[in-house]
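protein17.cif follows (mmCIF, C-alpha atoms):
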```cif
data_structure
loop_
_atom_site.group_PDB
_atom_site.id
_atom_site.type_symbol
_atom_site.label_atom_id
_atom_site.label_comp_id
_atom_site.auth_asym_id
_atom_site.auth_seq_id
_atom_site.Cartn_x
_atom_site.Cartn_y
_atom_site.Cartn_z
ATOM 1 C CA MET A 136 -12.584 -64.324 14.307
ATOM 2 C CA GLU A 137 -14.228 -62.655 17.299
ATOM 3 C CA ALA A 138 -10.831 -61.568 18.582
ATOM 4 C CA ARG A 139 -10.216 -59.794 15.308
ATOM 5 C CA ILE A 140 -13.602 -58.102 15.438
ATOM 6 C CA ALA A 141 -12.977 -57.045 19.030
ATOM 7 C CA ARG A 142 -9.582 -55.654 18.016
ATOM 8 C CA LEU A 143 -11.130 -53.801 15.056
ATOM 9 C CA GLU A 144 -13.833 -52.376 17.326
ATOM 10 C CA SER A 145 -11.235 -51.129 19.804
ATOM 11 C CA ASP A 146 -9.164 -49.628 16.972
ATOM 12 C CA VAL A 147 -12.282 -47.932 15.565
ATOM 13 C CA ALA A 148 -13.159 -46.609 19.025
ATOM 14 C CA HIS A 149 -9.609 -45.284 19.331
ATOM 15 C CA LEU A 150 -9.891 -43.621 15.911
ATOM 16 C CA ARG A 151 -13.228 -42.082 16.869
ATOM 17 C CA SER A 152 -11.763 -40.583 20.021
ATOM 18 C CA ASP A 153 -8.748 -39.264 18.045
ATOM 19 C CA VAL A 154 -11.031 -37.727 15.417
ATOM 20 C CA ALA A 155 -13.154 -36.145 18.175
ATOM 21 C CA ASP A 156 -9.978 -34.696 19.734
ATOM 22 C CA ILE A 157 -8.883 -33.364 16.343
ATOM 23 C CA LYS A 158 -12.305 -31.755 15.842
ATOM 24 C CA VAL A 159 -12.066 -30.046 19.224
ATOM 25 C CA ASP A 160 -8.529 -28.829 18.413
ATOM 26 C CA LEU A 161 -9.671 -27.511 15.030
ATOM 27 C CA ARG A 162 -12.640 -25.718 16.556
ATOM 28 C CA THR A 163 -10.314 -24.116 19.093
ATOM 29 C CA ARG A 164 -7.909 -23.047 16.336
ATOM 30 C CA PHE A 165 -10.721 -21.626 14.235
ATOM 31 C CA ASP A 166 -12.093 -19.744 17.256
ATOM 32 C CA LYS A 167 -8.629 -18.285 17.856
ATOM 33 C CA MET A 168 -8.332 -17.342 14.177
ATOM 34 C CA ASP A 169 -11.770 -15.679 14.323
ATOM 35 C CA ALA A 170 -10.698 -13.725 17.404
ATOM 36 C CA ARG A 171 -7.496 -12.648 15.665
ATOM 37 C CA MET A 172 -9.405 -11.592 12.564
ATOM 38 C CA ASP A 173 -11.798 -9.559 14.756
ATOM 39 C CA ARG A 174 -8.813 -7.855 16.427
ATOM 40 C CA PHE A 175 -7.272 -7.316 13.021
ATOM 41 C CA ASP A 176 -10.491 -5.751 11.705
ATOM 42 C CA THR A 177 -10.613 -3.494 14.771
ATOM 43 C CA LYS A 178 -6.996 -2.438 14.291
ATOM 44 C CA LEU A 179 -7.534 -1.841 10.580
ATOM 45 C CA ASP A 180 -10.630 0.277 11.296
ATOM 46 C CA ALA A 181 -8.682 2.233 13.920
ATOM 47 C CA LEU A 182 -5.819 2.748 11.471
ATOM 48 C CA ARG A 183 -8.243 3.878 8.787
ATOM 49 C CA ASN A 184 -9.866 6.319 11.237
ATOM 50 C CA ASP A 185 -6.441 7.599 12.344
ATOM 51 C CA VAL A 186 -5.401 8.181 8.738
ATOM 52 C CA GLN A 187 -8.681 9.936 7.954
ATOM 53 C CA ASP A 188 -8.377 12.052 11.107
ATOM 54 C CA GLY A 189 -4.782 12.898 10.196
ATOM 55 C CA ILE A 190 -5.776 13.927 6.697
ATOM 56 C CA ALA A 191 -8.684 15.990 8.046
ATOM 57 C CA ALA A 192 -6.402 17.641 10.595
ATOM 58 C CA LEU A 193 -3.832 18.345 7.894
ATOM 59 C CA ARG A 194 -6.543 19.791 5.678
ATOM 60 C CA ASP A 195 -7.801 21.980 8.548
ATOM 61 C CA GLU A 196 -4.282 23.100 9.366
ATOM 62 C CA MET A 197 -3.603 23.971 5.742
ATOM 63 C CA THR A 198 -6.898 25.881 5.531
ATOM 64 C CA LYS A 199 -6.055 27.815 8.696
ATOM 65 C CA GLY A 200 -2.544 28.503 7.429
ATOM 66 C CA ASN A 201 -3.888 29.722 4.099
ATOM 67 C CA ALA A 202 -6.457 31.912 5.838
ATOM 68 C CA ALA A 203 -3.783 33.360 8.118
ATOM 69 C CA LEU A 204 -1.540 33.979 5.136
ATOM 70 C CA ARG A 205 -4.401 35.676 3.274
ATOM 71 C CA ASP A 206 -5.179 37.823 6.306
ATOM 72 C CA GLU A 207 -1.532 38.728 6.703
ATOM 73 C CA MET A 208 -1.214 39.545 3.017
ATOM 74 C CA THR A 209 -4.420 41.640 3.137
ATOM 75 C CA THR A 210 -3.172 43.506 6.190
ATOM 76 C CA SER A 211 0.209 43.964 4.614
ATOM 77 C CA ASN A 212 -1.345 45.174 1.368
ATOM 78 C CA ALA A 213 -3.598 47.608 3.256
ATOM 79 C CA ALA A 214 -0.647 48.927 5.226
ATOM 80 C CA LEU A 215 1.368 49.231 2.038
ATOM 81 C CA ARG A 216 -1.483 51.131 0.374
ATOM 82 C CA ASP A 217 -1.712 53.468 3.343
ATOM 83 C CA GLU A 218 2.023 54.075 3.269
ATOM 84 C CA MET A 219 1.946 54.655 -0.460
ATOM 85 C CA THR A 220 -0.968 57.093 -0.160
ATOM 86 C CA LYS A 221 0.750 59.037 2.611
ATOM 87 C CA GLY A 222 4.015 59.058 0.766
ATOM 88 C CA ASN A 223 2.582 60.182 -2.598
ATOM 89 C CA ALA A 224 3.045 63.880 -1.884
ATOM 90 C CA ALA A 225 6.618 63.373 -0.753
ATOM 91 C CA LEU A 226 7.184 60.984 -3.600
ATOM 92 C CA ARG A 227 6.026 63.499 -6.206
ATOM 93 C CA HIS A 228 8.378 66.068 -4.800
ATOM 94 C CA GLU A 229 11.231 63.559 -4.576
ATOM 95 C CA MET A 230 10.515 62.163 -8.037
ATOM 96 C CA THR A 231 11.449 65.439 -9.583
ATOM 97 C CA THR A 232 14.868 65.314 -7.931
ATOM 98 C CA SER A 233 15.641 61.596 -7.717
ATOM 99 C CA ASN A 234 13.351 59.659 -10.043
ATOM 100 C CA VAL A 235 15.880 56.931 -10.882
ATOM 101 C CA ALA A 236 16.812 56.209 -7.236
ATOM 102 C CA LEU A 237 13.173 55.868 -6.258
ATOM 103 C CA ARG A 238 12.425 53.458 -9.083
ATOM 104 C CA ASP A 239 15.374 51.284 -8.065
ATOM 105 C CA GLU A 240 14.234 51.246 -4.450
ATOM 106 C CA MET A 241 10.676 50.294 -5.392
ATOM 107 C CA THR A 242 11.865 47.590 -7.757
ATOM 108 C CA THR A 243 14.089 46.120 -5.049
ATOM 109 C CA SER A 244 11.255 46.290 -2.512
ATOM 110 C CA ASN A 245 8.793 44.620 -4.893
ATOM 111 C CA ALA A 246 11.315 41.948 -5.842
ATOM 112 C CA ALA A 247 11.990 41.205 -2.177
ATOM 113 C CA LEU A 248 8.265 40.991 -1.478
ATOM 114 C CA ARG A 249 7.766 38.681 -4.467
ATOM 115 C CA GLY A 250 10.737 36.589 -3.345
ATOM 116 C CA GLU A 251 9.319 36.246 0.161
ATOM 117 C CA MET A 252 5.888 35.318 -1.175
ATOM 118 C CA THR A 253 7.430 32.771 -3.562
ATOM 119 C CA LYS A 254 9.495 31.242 -0.758
ATOM 120 C CA THR A 255 6.475 31.038 1.531
ATOM 121 C CA ASN A 256 4.347 29.384 -1.167
ATOM 122 C CA ALA A 257 7.160 26.958 -2.047
ATOM 123 C CA ALA A 258 7.630 26.053 1.624
ATOM 124 C CA LEU A 259 3.898 25.405 2.027
ATOM 125 C CA ARG A 260 3.841 23.230 -1.085
ATOM 126 C CA HIS A 261 6.925 21.323 0.067
ATOM 127 C CA ASP A 262 5.490 20.700 3.563
ATOM 128 C CA THR A 263 2.194 19.514 2.097
ATOM 129 C CA THR A 264 3.957 17.185 -0.337
ATOM 130 C CA GLU A 265 6.119 15.719 2.429
ATOM 131 C CA ASN A 266 3.124 15.138 4.713
ATOM 132 C CA ILE A 267 1.150 13.429 1.970
ATOM 133 C CA ALA A 268 4.161 11.294 1.018
ATOM 134 C CA ALA A 269 4.686 10.287 4.654
ATOM 135 C CA LEU A 270 1.010 9.316 5.003
ATOM 136 C CA ARG A 271 1.195 7.356 1.748
ATOM 137 C CA ASP A 272 4.316 5.484 2.926
ATOM 138 C CA GLU A 273 2.738 4.697 6.289
ATOM 139 C CA MET A 274 -0.419 3.374 4.640
ATOM 140 C CA THR A 275 1.630 1.268 2.204
ATOM 141 C CA LYS A 276 3.594 -0.265 5.071
ATOM 142 C CA SER A 277 0.423 -0.976 7.035
ATOM 143 C CA ILE A 278 -1.236 -2.639 4.054
ATOM 144 C CA ALA A 279 1.885 -4.727 3.405
ATOM 145 C CA SER A 280 1.940 -5.941 7.010
ATOM 146 C CA VAL A 281 -1.757 -6.816 6.765
ATOM 147 C CA LYS A 282 -1.111 -8.834 3.607
ATOM 148 C CA ASP A 283 1.772 -10.651 5.322
ATOM 149 C CA SER A 284 -0.421 -11.498 8.316
ATOM 150 C CA ILE A 285 -3.167 -12.881 6.087
ATOM 151 C CA ALA A 286 -0.659 -14.948 4.098
ATOM 152 C CA SER A 287 0.798 -16.341 7.325
ATOM 153 C CA ALA A 288 -2.675 -17.285 8.565
ATOM 154 C CA LYS A 289 -3.410 -19.076 5.268
ATOM 155 C CA ILE A 290 -0.172 -21.051 5.503
ATOM 156 C CA TRP A 291 -0.939 -22.129 9.071
ATOM 157 C CA ALA A 292 -4.449 -23.179 8.085
ATOM 158 C CA LEU A 293 -3.055 -25.280 5.223
ATOM 159 C CA LEU A 294 -0.474 -26.871 7.515
ATOM 160 C CA ILE A 295 -3.136 -27.740 10.085
ATOM 161 C CA ALA A 296 -5.382 -29.213 7.377
ATOM 162 C CA GLY A 297 -2.431 -31.195 5.946
ATOM 163 C CA GLY A 298 -1.541 -32.478 9.394
ATOM 164 C CA MET A 299 -5.129 -33.523 10.004
ATOM 165 C CA LEU A 300 -5.292 -35.329 6.663
ATOM 166 C CA GLY A 301 -1.973 -37.035 7.447
ATOM 167 C CA VAL A 302 -3.275 -38.204 10.809
ATOM 168 C CA MET A 303 -6.484 -39.441 9.217
ATOM 169 C CA ALA A 304 -4.574 -41.231 6.460
ATOM 170 C CA ARG A 305 -2.330 -42.854 9.038
ATOM 171 C CA GLY A 306 -5.325 -43.781 11.165
ATOM 172 C CA PHE A 307 -7.160 -45.396 8.276
ATOM 173 C CA GLY A 308 -3.998 -47.192 7.244
ATOM 174 C CA TRP A 309 -3.648 -45.480 3.891
ATOM 175 C CA ILE A 310 0.036 -44.785 4.600
#
```
Take the structure I supplied and represent it as structure tokens, if you would.
Amino acid sequence: MEARIARLESDVAHLRSDVADIKVDLRTRFDKMDARMDRFDTKLDALRNDVQDGIAALRDEMTKGNAALRDEMTTSNAALRDEMTKGNAALRHEMTTSNVALRDEMTTSNAALRGEMTKTNAALRHDTTENIAALRDEMTKSIASVKDSIASAKIWALLIAGGMLGVMARGFGWI
């Protein structure tokens, strides 16, 4: 009977040491997971800041481009007004002789100016749309990779817990 008790005591001591080892391993794994989550949080914050900085830079660039376009259009309009004012006297004289030709020339000039302005506005809209779409795609990909990483970490945690329960069940003789 005492031999059996001694054997049980040694088996229990062995189980205690195994459980202590498992606890140490689990603490190490959890510390590593905490460190990874901290790095992940840092990377996510950096990504968020980069995206915000990119959007702010894009907004600033668009504002500067719009201001430059306004200035250019104002300058162009002022120059056009000056030219028109200077050319009024000659235009009145020429209108009497070639009214139809002058109207055609002005219509063509105005249409070309409208066409250029329309093209410039369309190009600005297109560039802005592409930049926003690219940022949206990049953010979607980043979020998807974050979700995959979290899912992978959950699976590993479940596998570790299952392995620990299996070892404990084996140790207690349940299986």
Excluding Ser277 of chain A and its own-chain neighbours fewer than 3 positions away, which residues fall within 12 Å of it when counting all atoms listed in the file? Please give them as a compact mmCIF listing (two decimals) with C-alpha atoms, in the coordinates of the input.
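Contents of around09.txt, freshly written:
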```txt
# COMPACT_ATOMS: atom_id res chain seq x y z
CA PHE A 175 -7.27 -7.32 13.02
CA LYS A 178 -7.00 -2.44 14.29
CA LEU A 179 -7.53 -1.84 10.58
CA ASP A 180 -10.63 0.28 11.30
CA ALA A 181 -8.68 2.23 13.92
CA LEU A 182 -5.82 2.75 11.47
CA ARG A 183 -8.24 3.88 8.79
CA VAL A 186 -5.40 8.18 8.74
CA LEU A 270 1.01 9.32 5.00
CA ARG A 271 1.20 7.36 1.75
CA ASP A 272 4.32 5.48 2.93
CA GLU A 273 2.74 4.70 6.29
CA MET A 274 -0.42 3.37 4.64
CA SER A 280 1.94 -5.94 7.01
CA VAL A 281 -1.76 -6.82 6.76
CA LYS A 282 -1.11 -8.83 3.61
CA ASP A 283 1.77 -10.65 5.32
CA SER A 284 -0.42 -11.50 8.32
```
Between atom CA of Gly306 of chain A and atom CA of Leu150 of chain A, what is the spacing in Å? 6.6 Å
Find the residues near segment 246-257 of chain A: any atom within 10 Å, counting all atoms listed in the file, skip ones fewer than 4 places away on the same chain, and give them as a PyMOL selection string. chain A and resi 201+204+208+240-242+261-263
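Taking atom CA of Ala214 of chain A as the reference point, atom CA of Arg227 of chain A is found at 19.7 Å.
Rounded to one decimal, atom CA of Glu265 of chain A and atom CA of Thr209 of chain A lie 28.0 Å from each other.
Neighbours of segment 158-165 of chain A closer than or equal to 12 Å, with all atoms listed in the file counted and sequence neighbours fewer than 4 positions away skipped, come out as Arg151, Ser152, Asp153, Val154, Asp169, Ala170, Arg171, Met172, Ala288, Lys289, Trp291, Ala292, Leu294, Ile295, Ala296, Gly298, Met299 and Met303 of chain A.
Candidate residues A:Ala286, A:Leu259, A:Ile310, A:Ala148 were compared for distance to Glu196 of chain A, and the nearest is A:Leu259, using all atoms listed in the file.
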